[in-house]
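Participant: Contents are PDB, C-alpha atoms and all ligand atoms; file name upload.pdb:
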```
MODEL        1
ATOM      1  CA  MET A   1     138.861  69.154  96.822
ATOM      2  CA  ASN A   2     137.311  68.913 100.276
ATOM      3  CA  GLN A   3     137.100  65.265 101.349
ATOM      4  CA  GLN A   4     133.872  65.780 103.338
ATOM      5  CA  ALA A   5     130.673  64.766 101.566
ATOM      6  CA  VAL A   6     128.671  67.424  99.741
ATOM      7  CA  ARG A   7     124.966  66.652 100.029
ATOM      8  CA  LEU A   8     121.702  68.368  99.158
ATOM      9  CA  ARG A   9     118.452  68.361 101.089
ATOM     10  CA  ASP A  10     115.254  70.403 101.236
ATOM     11  CA  VAL A  11     115.529  73.828 102.863
ATOM     12  CA  VAL A  12     114.264  74.151 106.422
ATOM     13  CA  GLU A  13     113.550  77.349 108.345
ATOM     14  CA  ALA A  14     116.686  76.855 110.489
ATOM     15  CA  ASP A  15     118.847  77.209 107.340
ATOM     16  CA  LEU A  16     117.785  80.823 106.768
ATOM     17  CA  PRO A  17     120.095  82.421 109.379
ATOM     18  CA  HIS A  18     123.006  80.623 107.705
ATOM     19  CA  PHE A  19     122.012  81.886 104.245
ATOM     20  CA  PHE A  20     121.592  85.376 105.706
ATOM     21  CA  ALA A  21     125.122  85.290 107.147
ATOM     22  CA  HIS A  22     126.591  84.005 103.868
ATOM     23  CA  GLN A  23     125.059  86.832 101.833
ATOM     24  CA  LEU A  24     126.429  89.517 104.188
ATOM     25  CA  ASP A  25     129.980  88.912 102.952
ATOM     26  CA  PRO A  26     131.195  91.996 101.005
ATOM     27  CA  ALA A  27     133.459  90.000  98.651
ATOM     28  CA  ALA A  28     130.611  87.647  97.784
ATOM     29  CA  ASN A  29     128.334  90.623  97.083
ATOM     30  CA  GLN A  30     130.872  92.193  94.731
ATOM     31  CA  MET A  31     131.310  88.874  92.986
ATOM     32  CA  ALA A  32     127.631  88.044  92.544
ATOM     33  CA  ALA A  33     126.837  91.742  91.782
ATOM     34  CA  PHE A  34     123.064  91.139  91.362
ATOM     35  CA  THR A  35     122.234  91.152  95.036
ATOM     36  CA  ALA A  36     119.804  92.641  97.522
ATOM     37  CA  LYS A  37     119.906  96.438  97.704
ATOM     38  CA  ASP A  38     120.784  96.191 101.402
ATOM     39  CA  PRO A  39     122.044  92.696 102.380
ATOM     40  CA  THR A  40     121.955  93.655 106.078
ATOM     41  CA  ASP A  41     118.151  94.129 105.996
ATOM     42  CA  GLN A  42     116.984  90.897 107.603
ATOM     43  CA  ALA A  43     113.270  91.634 107.134
ATOM     44  CA  VAL A  44     113.695  92.000 103.373
ATOM     45  CA  PHE A  45     115.862  88.872 103.309
ATOM     46  CA  LEU A  46     113.254  86.797 105.160
ATOM     47  CA  LYS A  47     110.397  88.101 103.000
ATOM     48  CA  HIS A  48     112.352  87.110  99.891
ATOM     49  CA  TRP A  49     113.120  83.631 101.227
ATOM     50  CA  ARG A  50     109.528  82.983 102.349
ATOM     51  CA  LYS A  51     108.501  83.825  98.763
ATOM     52  CA  VAL A  52     111.164  81.465  97.392
ATOM     53  CA  MET A  53     110.096  78.603  99.671
ATOM     54  CA  ALA A  54     106.402  79.070  98.855
ATOM     55  CA  ASP A  55     106.854  79.274  95.057
ATOM     56  CA  PRO A  56     105.921  75.949  93.401
ATOM     57  CA  GLY A  57     107.958  76.989  90.335
ATOM     58  CA  ILE A  58     111.176  77.024  92.352
ATOM     59  CA  THR A  59     113.267  74.010  93.253
ATOM     60  CA  VAL A  60     115.663  74.899  96.040
ATOM     61  CA  GLN A  61     118.085  72.752  97.997
ATOM     62  CA  THR A  62     120.348  73.401 100.960
ATOM     63  CA  ILE A  63     123.999  72.468 100.419
ATOM     64  CA  LEU A  64     125.619  70.539 103.272
ATOM     65  CA  LEU A  65     129.344  69.937 103.663
ATOM     66  CA  GLY A  66     129.489  67.147 106.191
ATOM     67  CA  ASP A  67     126.760  68.320 108.574
ATOM     68  CA  ALA A  68     127.354  72.044 108.064
ATOM     69  CA  VAL A  69     124.951  74.268 106.097
ATOM     70  CA  VAL A  70     127.237  75.940 103.537
ATOM     71  CA  GLY A  71     124.842  77.332 100.928
ATOM     72  CA  TYR A  72     121.946  76.777  98.576
ATOM     73  CA  VAL A  73     121.310  75.959  94.941
ATOM     74  CA  LEU A  74     118.031  76.590  93.147
ATOM     75  CA  HIS A  75     116.293  77.109  89.856
ATOM     76  CA  HIS A  76     113.590  79.690  89.341
ATOM     77  CA  ASN A  77     111.484  81.041  86.471
ATOM     78  CA  TRP A  78     111.409  84.704  87.423
ATOM     79  CA  PHE A  79     112.718  86.032  84.094
ATOM     80  CA  GLY A  80     110.973  83.667  81.670
ATOM     81  CA  ASN A  81     113.585  80.907  81.324
ATOM     82  CA  PRO A  82     114.380  78.412  84.105
ATOM     83  CA  GLU A  83     117.647  79.659  85.644
ATOM     84  CA  VAL A  84     120.003  78.214  88.215
ATOM     85  CA  SER A  85     121.481  80.233  91.035
ATOM     86  CA  TYR A  86     123.631  79.405  94.061
ATOM     87  CA  TRP A  87     125.515  80.988  96.927
ATOM     88  CA  LEU A  88     128.217  79.417  99.078
ATOM     89  CA  ASP A  89     129.675  80.368 102.441
ATOM     90  CA  ARG A  90     132.950  82.132 101.641
ATOM     91  CA  ARG A  91     134.767  79.905 104.159
ATOM     92  CA  VAL A  92     134.358  76.917 101.811
ATOM     93  CA  TRP A  93     135.160  78.555  98.478
ATOM     94  CA  GLY A  94     137.760  76.967  96.251
ATOM     95  CA  GLN A  95     137.210  73.399  97.473
ATOM     96  CA  GLY A  96     134.952  72.133  94.688
ATOM     97  CA  VAL A  97     131.792  72.416  96.790
ATOM     98  CA  ALA A  98     129.750  74.492  94.318
ATOM     99  CA  THR A  99     130.717  72.206  91.429
ATOM    100  CA  ALA A 100     129.734  69.088  93.403
ATOM    101  CA  ALA A 101     126.478  70.663  94.607
ATOM    102  CA  LEU A 102     125.423  71.929  91.168
ATOM    103  CA  GLY A 103     126.350  68.565  89.623
ATOM    104  CA  THR A 104     124.079  66.736  92.068
ATOM    105  CA  PHE A 105     121.311  69.313  91.630
ATOM    106  CA  LEU A 106     121.428  68.862  87.835
ATOM    107  CA  GLN A 107     121.116  65.091  88.237
ATOM    108  CA  GLN A 108     118.049  65.591  90.438
ATOM    109  CA  THR A 109     116.175  67.961  88.122
ATOM    110  CA  ALA A 110     114.860  67.043  84.704
ATOM    111  CA  VAL A 111     114.210  70.656  83.664
ATOM    112  CA  ARG A 112     116.042  71.508  80.428
ATOM    113  CA  PRO A 113     117.148  73.765  79.033
ATOM    114  CA  LEU A 114     118.421  75.493  82.159
ATOM    115  CA  HIS A 115     119.954  78.933  81.908
ATOM    116  CA  ALA A 116     122.323  80.907  84.113
ATOM    117  CA  ARG A 117     123.326  84.559  84.204
ATOM    118  CA  VAL A 118     126.732  85.551  85.523
ATOM    119  CA  VAL A 119     128.386  88.951  85.664
ATOM    120  CA  MET A 120     131.257  88.662  83.203
ATOM    121  CA  ASP A 121     134.071  88.972  85.770
ATOM    122  CA  ASN A 122     132.661  86.310  88.125
ATOM    123  CA  ALA A 123     135.285  83.805  86.964
ATOM    124  CA  GLY A 124     134.569  81.295  89.737
ATOM    125  CA  SER A 125     130.873  81.021  88.895
ATOM    126  CA  LEU A 126     131.544  80.822  85.152
ATOM    127  CA  ARG A 127     134.002  78.003  85.803
ATOM    128  CA  VAL A 128     131.509  76.123  87.997
ATOM    129  CA  LEU A 129     128.832  76.326  85.294
ATOM    130  CA  GLU A 130     131.171  75.301  82.479
ATOM    131  CA  LYS A 131     132.523  72.380  84.522
ATOM    132  CA  CYS A 132     128.884  71.261  84.857
ATOM    133  CA  GLY A 133     128.272  71.418  81.100
ATOM    134  CA  PHE A 134     126.735  74.882  80.597
ATOM    135  CA  VAL A 135     127.792  76.704  77.423
ATOM    136  CA  ARG A 136     127.866  80.429  76.742
ATOM    137  CA  VAL A 137     124.982  81.488  74.499
ATOM    138  CA  GLY A 138     124.825  85.275  74.801
ATOM    139  CA  THR A 139     125.261  88.420  76.796
ATOM    140  CA  ASP A 140     123.009  90.935  78.478
ATOM    141  CA  HIS A 141     123.432  93.830  80.837
ATOM    142  CA  GLY A 142     121.623  95.018  83.913
ATOM    143  CA  PHE A 143     121.887  97.186  86.995
ATOM    144  CA  ALA A 144     123.957  95.470  89.697
ATOM    145  CA  GLN A 145     122.969  96.644  93.177
ATOM    146  CA  ALA A 146     126.266  95.576  94.771
ATOM    147  CA  ARG A 147     128.254  97.718  92.337
ATOM    148  CA  GLY A 148     125.819 100.595  91.851
ATOM    149  CA  ARG A 149     126.126 100.477  88.071
ATOM    150  CA  GLN A 150     125.227  98.584  84.907
ATOM    151  CA  VAL A 151     127.302  95.460  84.329
ATOM    152  CA  LYS A 152     127.618  93.022  81.469
ATOM    153  CA  GLU A 153     126.356  89.496  82.081
ATOM    154  CA  ILE A 154     127.110  86.258  80.306
ATOM    155  CA  ILE A 155     124.133  83.985  79.630
ATOM    156  CA  LEU A 156     124.790  80.255  79.684
ATOM    157  CA  ARG A 157     122.569  77.288  78.843
ATOM    158  CA  LEU A 158     122.500  73.579  79.580
ATOM    159  CA  ASP A 159     120.432  71.516  77.103
TER     160      ASP A 159
HETATM  161  C1  LIG B 201     130.808  81.281  92.729
HETATM  162  C2  LIG B 201     130.858  80.315  93.897
HETATM  163  C3  LIG B 201     129.525  79.605  94.006
HETATM  164  C4  LIG B 201     131.970  79.290  93.641
HETATM  165  O1  LIG B 201     131.941  78.338  94.699
HETATM  166  P1  LIG B 201     133.178  77.350  94.965
HETATM  167  O2  LIG B 201     132.704  76.282  95.880
HETATM  168  O3  LIG B 201     134.373  78.139  95.346
HETATM  169  O4  LIG B 201     133.406  76.737  93.497
HETATM  170  P2  LIG B 201     134.305  75.463  93.110
HETATM  171  O5  LIG B 201     135.414  75.348  94.104
HETATM  172  O6  LIG B 201     133.410  74.298  92.905
HETATM  173  O7  LIG B 201     134.880  75.877  91.674
HETATM  174  C5  LIG B 201     135.426  77.162  91.449
HETATM  175  C6  LIG B 201     136.242  77.099  90.185
HETATM  176  O8  LIG B 201     136.479  78.429  89.752
HETATM  177  C7  LIG B 201     137.864  78.667  89.705
HETATM  178  N1  LIG B 201     138.075  80.069  90.072
HETATM  179  C8  LIG B 201     137.731  80.677  91.216
HETATM  180  N2  LIG B 201     138.093  81.982  91.155
HETATM  181  C9  LIG B 201     138.654  82.177  89.943
HETATM  182  C10 LIG B 201     139.234  83.283  89.298
HETATM  183  N3  LIG B 201     139.276  84.475  89.875
HETATM  184  N4  LIG B 201     139.707  83.114  88.031
HETATM  185  C11 LIG B 201     139.647  81.910  87.431
HETATM  186  N5  LIG B 201     139.102  80.798  88.006
HETATM  187  C12 LIG B 201     138.620  80.947  89.241
HETATM  188  C13 LIG B 201     138.467  77.696  90.695
HETATM  189  O9  LIG B 201     139.841  77.467  90.431
HETATM  190  C14 LIG B 201     137.606  76.463  90.398
HETATM  191  O10 LIG B 201     137.952  75.848  89.182
HETATM  192  P3  LIG B 201     138.868  74.498  89.132
HETATM  193  O11 LIG B 201     138.078  73.437  89.846
HETATM  194  O12 LIG B 201     139.053  74.247  87.703
HETATM  195  O13 LIG B 201     140.152  74.844  89.868
HETATM  196  C15 LIG B 201     131.157  81.041  95.250
HETATM  197  O14 LIG B 201     132.342  81.776  95.114
HETATM  198  C16 LIG B 201     130.049  81.965  95.692
HETATM  199  O15 LIG B 201     129.084  81.550  96.312
HETATM  200  N6  LIG B 201     130.172  83.289  95.378
HETATM  201  C17 LIG B 201     129.206  84.314  95.827
HETATM  202  C18 LIG B 201     127.843  84.151  95.171
HETATM  203  C19 LIG B 201     127.914  84.007  93.667
HETATM  204  O16 LIG B 201     128.756  84.604  92.990
HETATM  205  N7  LIG B 201     126.975  83.200  93.154
HETATM  206  C20 LIG B 201     126.868  82.971  91.727
HETATM  207  C21 LIG B 201     126.097  84.087  91.083
HETATM  208  S1  LIG B 201     126.021  83.816  89.331
ENDMDL
END
```
Show the structure stored in the file as structure tokens.

Facilitator:
Amino acid sequence: MNQQAVRLRDVVEADLPHFFAHQLDPAANQMAAFTAKDPTDQAVFLKHWRKVMADPGITVQTILLGDAVVGYVLHHNWFGNPEVSYWLDRRVWGQGVATAALGTFLQQTAVRPLHARVVMDNAGSLRVLEKCGFVRVGTDHGFAQARGRQVKEIILRLD
């Protein structure tokens, strides 16, 4: 566990270049699977994030480790059910940061139930969600851009 404090705050424009850099990582793309078609396309990235930041149905927070911007956590309603999503800078993986950030985020939001969708071999993300109280409630499948094929997803819910 990293001893530096994990904190959340509202997203500011200056965070976007950090998020862009985080989502360029090939290993992270493989892991998340449901990604942008071309993560190197900055115009598409910025258009997506401007939409996210303007959407009143989305709650999004920047994750700070100490003073460093290391990721984001959000919930959206794009597919009918409120769903959480997050992405961390690969340089801080495996230090409990996602678990701490999601735990704080869940304390700050009253929305329940919350759902999550995770490609079935994303063991780290499944572990984060289950450590935060999500339980597996079903499966689905969809086309994963990062892998160029259909993949099976696990659906989780927090009541
Ligand atoms: C998934 C992700 C958020 C995890 O962030 P993180 O800060 O490393 O997560 P944490 O350190 O809080 O917890 C990870 C847990 O998964 C476990 N884990 C990681 N990889 C694993 C693997 N291959 N098999 C089993 N467990 C694994 C860790 O041991 C840890 O559990 P523990 O605390 O019981 O030891 C991060 O890897 C990421 O951003 N990935 C790219 C984007 C992504 O996949 N987003 C989620 C889409 S659903």

Participant: Within 10 Å of ligand LIG 201 (chain B), counting only C-alpha atoms and all ligand atoms: which residues, as a PyMOL selection string?

Facilitator: chain A and resi 1-2+22-23+25-35+70-73+84-103+116-132+153-155

Participant: Any chance you could work out the residue set of the PyMOL selection byres (((chain A and resi 46) around 12) and not hetatm) here, as a PDB file with C-alpha atoms, keeping the file's coordinate frame?

Facilitator:
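Resulting contents of out-v8.pdb:
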```pdb
ATOM      1  CA  GLU A  13     113.550  77.349 108.345  1.00  0.00           C
ATOM      2  CA  ALA A  14     116.686  76.855 110.489  1.00  0.00           C
ATOM      3  CA  ASP A  15     118.847  77.209 107.340  1.00  0.00           C
ATOM      4  CA  LEU A  16     117.785  80.823 106.768  1.00  0.00           C
ATOM      5  CA  PRO A  17     120.095  82.421 109.379  1.00  0.00           C
ATOM      6  CA  HIS A  18     123.006  80.623 107.705  1.00  0.00           C
ATOM      7  CA  PHE A  19     122.012  81.886 104.245  1.00  0.00           C
ATOM      8  CA  PHE A  20     121.592  85.376 105.706  1.00  0.00           C
ATOM      9  CA  ALA A  36     119.804  92.641  97.522  1.00  0.00           C
ATOM     10  CA  PRO A  39     122.044  92.696 102.380  1.00  0.00           C
ATOM     11  CA  THR A  40     121.955  93.655 106.078  1.00  0.00           C
ATOM     12  CA  ASP A  41     118.151  94.129 105.996  1.00  0.00           C
ATOM     13  CA  GLN A  42     116.984  90.897 107.603  1.00  0.00           C
ATOM     14  CA  ALA A  43     113.270  91.634 107.134  1.00  0.00           C
ATOM     15  CA  VAL A  44     113.695  92.000 103.373  1.00  0.00           C
ATOM     16  CA  PHE A  45     115.862  88.872 103.309  1.00  0.00           C
ATOM     17  CA  LYS A  47     110.397  88.101 103.000  1.00  0.00           C
ATOM     18  CA  HIS A  48     112.352  87.110  99.891  1.00  0.00           C
ATOM     19  CA  TRP A  49     113.120  83.631 101.227  1.00  0.00           C
ATOM     20  CA  ARG A  50     109.528  82.983 102.349  1.00  0.00           C
ATOM     21  CA  LYS A  51     108.501  83.825  98.763  1.00  0.00           C
ATOM     22  CA  VAL A  52     111.164  81.465  97.392  1.00  0.00           C
ATOM     23  CA  MET A  53     110.096  78.603  99.671  1.00  0.00           C
TER      24      MET A  53
END
```

Participant: I'd like the interatomic distance between CA of Ile58 in chain A and CA of Gln4 in chain A, to a tenth of an Å.

Facilitator: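 Interatomic distance, CA of Ile58 in chain A to CA of Gln4 in chain A: 27.6 Å.
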
Participant: Would you list the residues near (127.2, 77.7, 75.7) (no more than 6 Å away, in the coordinates of the file, using only C-alpha atoms) as a ChimeraX atom specification?

Facilitator: /A:134-137,156-157

Participant: Evaluating the PyMOL selection byres (((chain A and resi 82) around 9) and not hetatm) on the displayed file yields which residues, as a PDB file with C-alpha atoms, in the frame of the given file?

Facilitator:
```
ATOM      1  CA  ILE A  58     111.176  77.024  92.352  1.00  0.00           C
ATOM      2  CA  HIS A  75     116.293  77.109  89.856  1.00  0.00           C
ATOM      3  CA  HIS A  76     113.590  79.690  89.341  1.00  0.00           C
ATOM      4  CA  ASN A  77     111.484  81.041  86.471  1.00  0.00           C
ATOM      5  CA  TRP A  78     111.409  84.704  87.423  1.00  0.00           C
ATOM      6  CA  PHE A  79     112.718  86.032  84.094  1.00  0.00           C
ATOM      7  CA  GLY A  80     110.973  83.667  81.670  1.00  0.00           C
ATOM      8  CA  ASN A  81     113.585  80.907  81.324  1.00  0.00           C
ATOM      9  CA  GLU A  83     117.647  79.659  85.644  1.00  0.00           C
ATOM     10  CA  VAL A  84     120.003  78.214  88.215  1.00  0.00           C
ATOM     11  CA  VAL A 111     114.210  70.656  83.664  1.00  0.00           C
ATOM     12  CA  ARG A 112     116.042  71.508  80.428  1.00  0.00           C
ATOM     13  CA  PRO A 113     117.148  73.765  79.033  1.00  0.00           C
ATOM     14  CA  LEU A 114     118.421  75.493  82.159  1.00  0.00           C
ATOM     15  CA  HIS A 115     119.954  78.933  81.908  1.00  0.00           C
ATOM     16  CA  ALA A 116     122.323  80.907  84.113  1.00  0.00           C
TER      17      ALA A 116
END
```

Participant: Would you compute the distance between CA of Leu158 in chain A and CA of Leu106 in chain A? Give it in Å to one decimal.

Facilitator: 9.6 Å

Participant: For CA of Val12 in chain A and CA of Gly57 in chain A, determine how far apart the two atoms are, in Å to one decimal place.

Facilitator: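 CA of Gly57 in chain A lies at a distance of 17.5 Å from CA of Val12 in chain A.
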
Participant: Reconstruct N, CA and C atoms of range 63-90 of chain A; output as a PDB file, in the coordinates of the input.

Facilitator:
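selection_12.pdb was written with the following content:
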```pdb
ATOM      1  N   ILE A  63     122.745  73.194 100.636  1.00  0.00           N
ATOM      2  CA  ILE A  63     123.999  72.468 100.419  1.00  0.00           C
ATOM      3  C   ILE A  63     124.644  72.213 101.776  1.00  0.00           C
ATOM      4  N   LEU A  64     124.934  70.938 102.033  1.00  0.00           N
ATOM      5  CA  LEU A  64     125.619  70.539 103.272  1.00  0.00           C
ATOM      6  C   LEU A  64     127.025  70.065 102.931  1.00  0.00           C
ATOM      7  N   LEU A  65     127.983  70.479 103.751  1.00  0.00           N
ATOM      8  CA  LEU A  65     129.344  69.937 103.663  1.00  0.00           C
ATOM      9  C   LEU A  65     129.562  69.212 104.989  1.00  0.00           C
ATOM     10  N   GLY A  66     129.606  67.885 104.938  1.00  0.00           N
ATOM     11  CA  GLY A  66     129.489  67.147 106.191  1.00  0.00           C
ATOM     12  C   GLY A  66     128.109  67.445 106.755  1.00  0.00           C
ATOM     13  N   ASP A  67     128.060  67.953 107.983  1.00  0.00           N
ATOM     14  CA  ASP A  67     126.760  68.320 108.574  1.00  0.00           C
ATOM     15  C   ASP A  67     126.517  69.824 108.561  1.00  0.00           C
ATOM     16  N   ALA A  68     127.458  70.585 108.016  1.00  0.00           N
ATOM     17  CA  ALA A  68     127.354  72.044 108.064  1.00  0.00           C
ATOM     18  C   ALA A  68     126.565  72.595 106.874  1.00  0.00           C
ATOM     19  N   VAL A  69     125.698  73.571 107.153  1.00  0.00           N
ATOM     20  CA  VAL A  69     124.951  74.268 106.097  1.00  0.00           C
ATOM     21  C   VAL A  69     125.908  75.277 105.458  1.00  0.00           C
ATOM     22  N   VAL A  70     126.243  75.068 104.175  1.00  0.00           N
ATOM     23  CA  VAL A  70     127.237  75.940 103.537  1.00  0.00           C
ATOM     24  C   VAL A  70     126.674  76.692 102.335  1.00  0.00           C
ATOM     25  N   GLY A  71     125.383  76.552 102.037  1.00  0.00           N
ATOM     26  CA  GLY A  71     124.842  77.332 100.928  1.00  0.00           C
ATOM     27  C   GLY A  71     123.550  76.753 100.395  1.00  0.00           C
ATOM     28  N   TYR A  72     123.158  77.282  99.242  1.00  0.00           N
ATOM     29  CA  TYR A  72     121.946  76.777  98.576  1.00  0.00           C
ATOM     30  C   TYR A  72     122.174  76.765  97.074  1.00  0.00           C
ATOM     31  N   VAL A  73     121.358  75.968  96.405  1.00  0.00           N
ATOM     32  CA  VAL A  73     121.310  75.959  94.941  1.00  0.00           C
ATOM     33  C   VAL A  73     119.842  75.868  94.561  1.00  0.00           C
ATOM     34  N   LEU A  74     119.452  76.583  93.533  1.00  0.00           N
ATOM     35  CA  LEU A  74     118.031  76.590  93.147  1.00  0.00           C
ATOM     36  C   LEU A  74     117.884  76.824  91.657  1.00  0.00           C
ATOM     37  N   HIS A  75     116.666  76.538  91.147  1.00  0.00           N
ATOM     38  CA  HIS A  75     116.293  77.109  89.856  1.00  0.00           C
ATOM     39  C   HIS A  75     114.936  77.764  89.989  1.00  0.00           C
ATOM     40  N   HIS A  76     114.815  78.896  89.303  1.00  0.00           N
ATOM     41  CA  HIS A  76     113.590  79.690  89.341  1.00  0.00           C
ATOM     42  C   HIS A  76     113.192  80.049  87.904  1.00  0.00           C
ATOM     43  N   ASN A  77     112.001  80.654  87.791  1.00  0.00           N
ATOM     44  CA  ASN A  77     111.484  81.041  86.471  1.00  0.00           C
ATOM     45  C   ASN A  77     111.165  82.523  86.423  1.00  0.00           C
ATOM     46  N   TRP A  78     111.825  83.317  87.253  1.00  0.00           N
ATOM     47  CA  TRP A  78     111.409  84.704  87.423  1.00  0.00           C
ATOM     48  C   TRP A  78     111.552  85.541  86.161  1.00  0.00           C
ATOM     49  N   PHE A  79     112.476  85.188  85.275  1.00  0.00           N
ATOM     50  CA  PHE A  79     112.718  86.032  84.094  1.00  0.00           C
ATOM     51  C   PHE A  79     112.352  85.313  82.801  1.00  0.00           C
ATOM     52  N   GLY A  80     111.444  84.322  82.887  1.00  0.00           N
ATOM     53  CA  GLY A  80     110.973  83.667  81.670  1.00  0.00           C
ATOM     54  C   GLY A  80     111.588  82.303  81.439  1.00  0.00           C
ATOM     55  N   ASN A  81     112.909  82.191  81.519  1.00  0.00           N
ATOM     56  CA  ASN A  81     113.585  80.907  81.324  1.00  0.00           C
ATOM     57  C   ASN A  81     113.978  80.331  82.683  1.00  0.00           C
ATOM     58  N   PRO A  82     113.883  79.002  82.859  1.00  0.00           N
ATOM     59  CA  PRO A  82     114.380  78.412  84.105  1.00  0.00           C
ATOM     60  C   PRO A  82     115.885  78.676  84.256  1.00  0.00           C
ATOM     61  N   GLU A  83     116.251  79.254  85.397  1.00  0.00           N
ATOM     62  CA  GLU A  83     117.647  79.659  85.644  1.00  0.00           C
ATOM     63  C   GLU A  83     118.146  79.092  86.952  1.00  0.00           C
ATOM     64  N   VAL A  84     119.406  78.665  86.955  1.00  0.00           N
ATOM     65  CA  VAL A  84     120.003  78.214  88.215  1.00  0.00           C
ATOM     66  C   VAL A  84     120.703  79.375  88.901  1.00  0.00           C
ATOM     67  N   SER A  85     120.783  79.251  90.227  1.00  0.00           N
ATOM     68  CA  SER A  85     121.481  80.233  91.035  1.00  0.00           C
ATOM     69  C   SER A  85     122.004  79.523  92.284  1.00  0.00           C
ATOM     70  N   TYR A  86     123.060  80.056  92.865  1.00  0.00           N
ATOM     71  CA  TYR A  86     123.631  79.405  94.061  1.00  0.00           C
ATOM     72  C   TYR A  86     124.468  80.421  94.810  1.00  0.00           C
ATOM     73  N   TRP A  87     124.687  80.108  96.090  1.00  0.00           N
ATOM     74  CA  TRP A  87     125.515  80.988  96.927  1.00  0.00           C
ATOM     75  C   TRP A  87     126.157  80.113  97.993  1.00  0.00           C
ATOM     76  N   LEU A  88     127.469  80.237  98.128  1.00  0.00           N
ATOM     77  CA  LEU A  88     128.217  79.417  99.078  1.00  0.00           C
ATOM     78  C   LEU A  88     128.857  80.292 100.149  1.00  0.00           C
ATOM     79  N   ASP A  89     128.932  79.758 101.346  1.00  0.00           N
ATOM     80  CA  ASP A  89     129.675  80.368 102.441  1.00  0.00           C
ATOM     81  C   ASP A  89     131.120  80.600 101.977  1.00  0.00           C
ATOM     82  N   ARG A  90     131.602  81.825 102.125  1.00  0.00           N
ATOM     83  CA  ARG A  90     132.950  82.132 101.641  1.00  0.00           C
ATOM     84  C   ARG A  90     134.025  81.228 102.259  1.00  0.00           C
TER      85      ARG A  90
END
```
